[in-house]
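A.B. asks: Mind looking over this structure? Questions follow.
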Amino acid sequence: MKYQTVNDLPDWVKMITGGVAGSIAEVATIPVDTAKVRLQIQKPDTNGLYKYKGLLKSTALIYKEEGILSLYKGLVAGIQRQMVFASIRIGLYEPVKIKQQYQVRNFYCGKDFKGDPPLSRKILAGLTTGAIGISIASPFDVIKIRFQSDGNLPVSERRYTNLTDAYVKIYKLDGLAGFWKGVMPNIVRNSIINCAELATFDQAKESLLKTGLFNDGIYCHLTASAIAGVVACTVGQPVDLIKTRVMNFKVGIVECIVNAVKNDVKFYTIKGLLSFYNGYSANAGRIVSWNMVMFVSLGQIRLWTYNKFYKGH
């Protein structure tokens, strides 16, 4: 039989299921993502105080002041992003145990490679698919972040009235280049986070299975995805902060870095370095929850697809 396991699904099926799983995770976690964006872009008031504090408090405050719909600003752009980005980064990454020449891990390991690939090859594969995916999907990121950040403004002051209006205005104002605002920090950010998520999940799942305490099911996927989320947030937080600010404001990468460590705090001091981790708990909450929803959904969707359409063929 050609399709003996879930890993034998065609590449295009892996890509579509990756996009669908990413979209499910987007719907489930965009309220906390909106709160995370507000935390990252906010500025202190005249007294030096910040309006948003903490992920849950920020989410509750947005709901109280603006209503539940404001928490879902940018959802359509977010789903568009996932159907492109997640499809590419997940679909091209997996799996390694079948001899298909188009899988990125096979490119680094060789298509005849057998067994579990070394962590270094998984990292290379994650970096590659993350860079390719977000290079194409970056325009959706720009629009999504701007919708999320504008949600607390009066309607008359918001940059766009709807998704179509956003596409038209960005093109008229900045041309095609406007859709790739902040693309370099976005590539760096998503390459790092992608390899941290996929390679860590891969490695953690293998380690958990070897303990004999888990089988390859939901509980194993939940545990491995939580580990992957913490690692991804820790290594990707500084670039995520810069990326969000570049995409939302009309400033460059250098200015964002300077602003992140301003107020006479030197970059090379501990306080200066820690400034890049402002809003870490919010980012961690979002990434960990997103990973748990995405990886569990991915496993279940692929299992259903295999049993429904490919098992026995």
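Here, A, B, ... name the chains of the structure tokens in the order displayed, residue numbers run from 1 inside each chain, and ligands are numbered from 1 in the same displayed order.
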Within 12 Å of A:Thr17, counting only C-alpha atoms, which residues qualify if same-chain residues fewer than 2 places away don't, as a PyMOL selection string?

C.D. replies: chain A and resi 6+9-15+19-24+82-84+86-92+94+294-306

A.B. asks: Quick one: residues within 12 Å of A:Gly130, only C-alpha atoms, excluding same-chain residues fewer than 4 positions away - as a VMD selection string?

C.D. replies: chain A and resid 84 to 93 104 122 to 126 134 to 138 186 to 199

A.B. asks: Enter the distance from atom CA of A:Leu208 to atom CA of A:Ala224, in Å, rounded to one decimal.

C.D. replies: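 Atom CA of A:Ala224 lies 7.7 Å from atom CA of A:Leu208.
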
A.B. asks: Need the shell around A:Gly74: protein/DNA/RNA residues with any atom at most 6 Å away, counting only C-alpha atoms. Skip same-chain ones fewer than 6 positions apart. Format as a count of residues only?

C.D. replies: 3

A.B. asks: Step one, run DSSP on the backbone; step two, keep only residues of stretch 15-253 of chain A assigned to helix (DSSP H, G or I); then write them as number ranges by chain.

C.D. replies: A: 15-41, 55-66, 68-72, 75-91, 104-109, 119-150, 155-157, 163-174, 176-180, 183-210, 218-248, 253

A.B. asks: Counting only C-alpha atoms, give me one row per residue of stretch 126-184 of chain A with an atom at most 9 Å from an atom of stretch 228-244 of chain A, showing the shortest contact pair and its distance in Å to one decimal, sorted by chain then residue number, as CSV.

C.D. replies:
residue,atom,partner,partner_atom,distance
A:Val142,CA,A:Thr244,CA,8.6
A:Ile145,CA,A:Thr244,CA,7.1
A:Gly182,CA,A:Lys243,CA,6.1
A:Val183,CA,A:Lys243,CA,8.0
A:Met184,CA,A:Lys243,CA,8.3

A.B. asks: Residues of the last selection are to be written out with C-alpha atoms, as an mmCIF file, in the first residue's frame.

C.D. replies:
data_model
loop_
_atom_site.group_PDB
_atom_site.id
_atom_site.type_symbol
_atom_site.label_atom_id
_atom_site.label_comp_id
_atom_site.auth_asym_id
_atom_site.auth_seq_id
_atom_site.Cartn_x
_atom_site.Cartn_y
_atom_site.Cartn_z
ATOM 1 C CA VAL A 142 1.225 44.048 8.325
ATOM 2 C CA ILE A 145 -1.093 44.098 13.316
ATOM 3 C CA GLY A 182 9.292 45.301 8.370
ATOM 4 C CA VAL A 183 9.842 42.180 6.291
ATOM 5 C CA MET A 184 13.447 41.702 7.410
#

A.B. asks: To one decimal place in Å, what is the distance between atom CA of A:Tyr310 and atom CA of A:Val293?

C.D. replies: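 About the pair atom CA of A:Tyr310 and atom CA of A:Val293: they are 24.4 Å apart.
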
A.B. asks: Between A:Ser289, A:Thr211, A:Asn162, A:Thr200, which has the minimum distance to A:Val76 (counting only C-alpha atoms)?

C.D. replies: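 Among the listed residues, the smallest separation from A:Val76 belongs to A:Asn162.
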
A.B. asks: Excluding A:Ser281 and its own-chain neighbours fewer than 5 positions away, which residues fall within 9 Å of it when counting only C-alpha atoms? Please give them as a ChimeraX atom specification.

C.D. replies: /A:54-55,286

A.B. asks: Please save C-alpha atoms of the selected residues as a PDB file, in the first residue's frame.

C.D. replies:
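Written file, again19.pdb:
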ATOM      1  CA  GLY A  54      -0.410  41.759  31.880  1.00  0.00           C
ATOM      2  CA  LEU A  55      -2.013  39.510  29.302  1.00  0.00           C
ATOM      3  CA  ARG A 286      -0.049  33.595  23.244  1.00  0.00           C
TER       4      ARG A 286
END

A.B. asks: May I ask which of the residues A:Pro118, A:Gly212, A:Gly285, A:Gly48 is the closest one to A:Asp33, counting only C-alpha atoms?

C.D. replies: A:Gly285
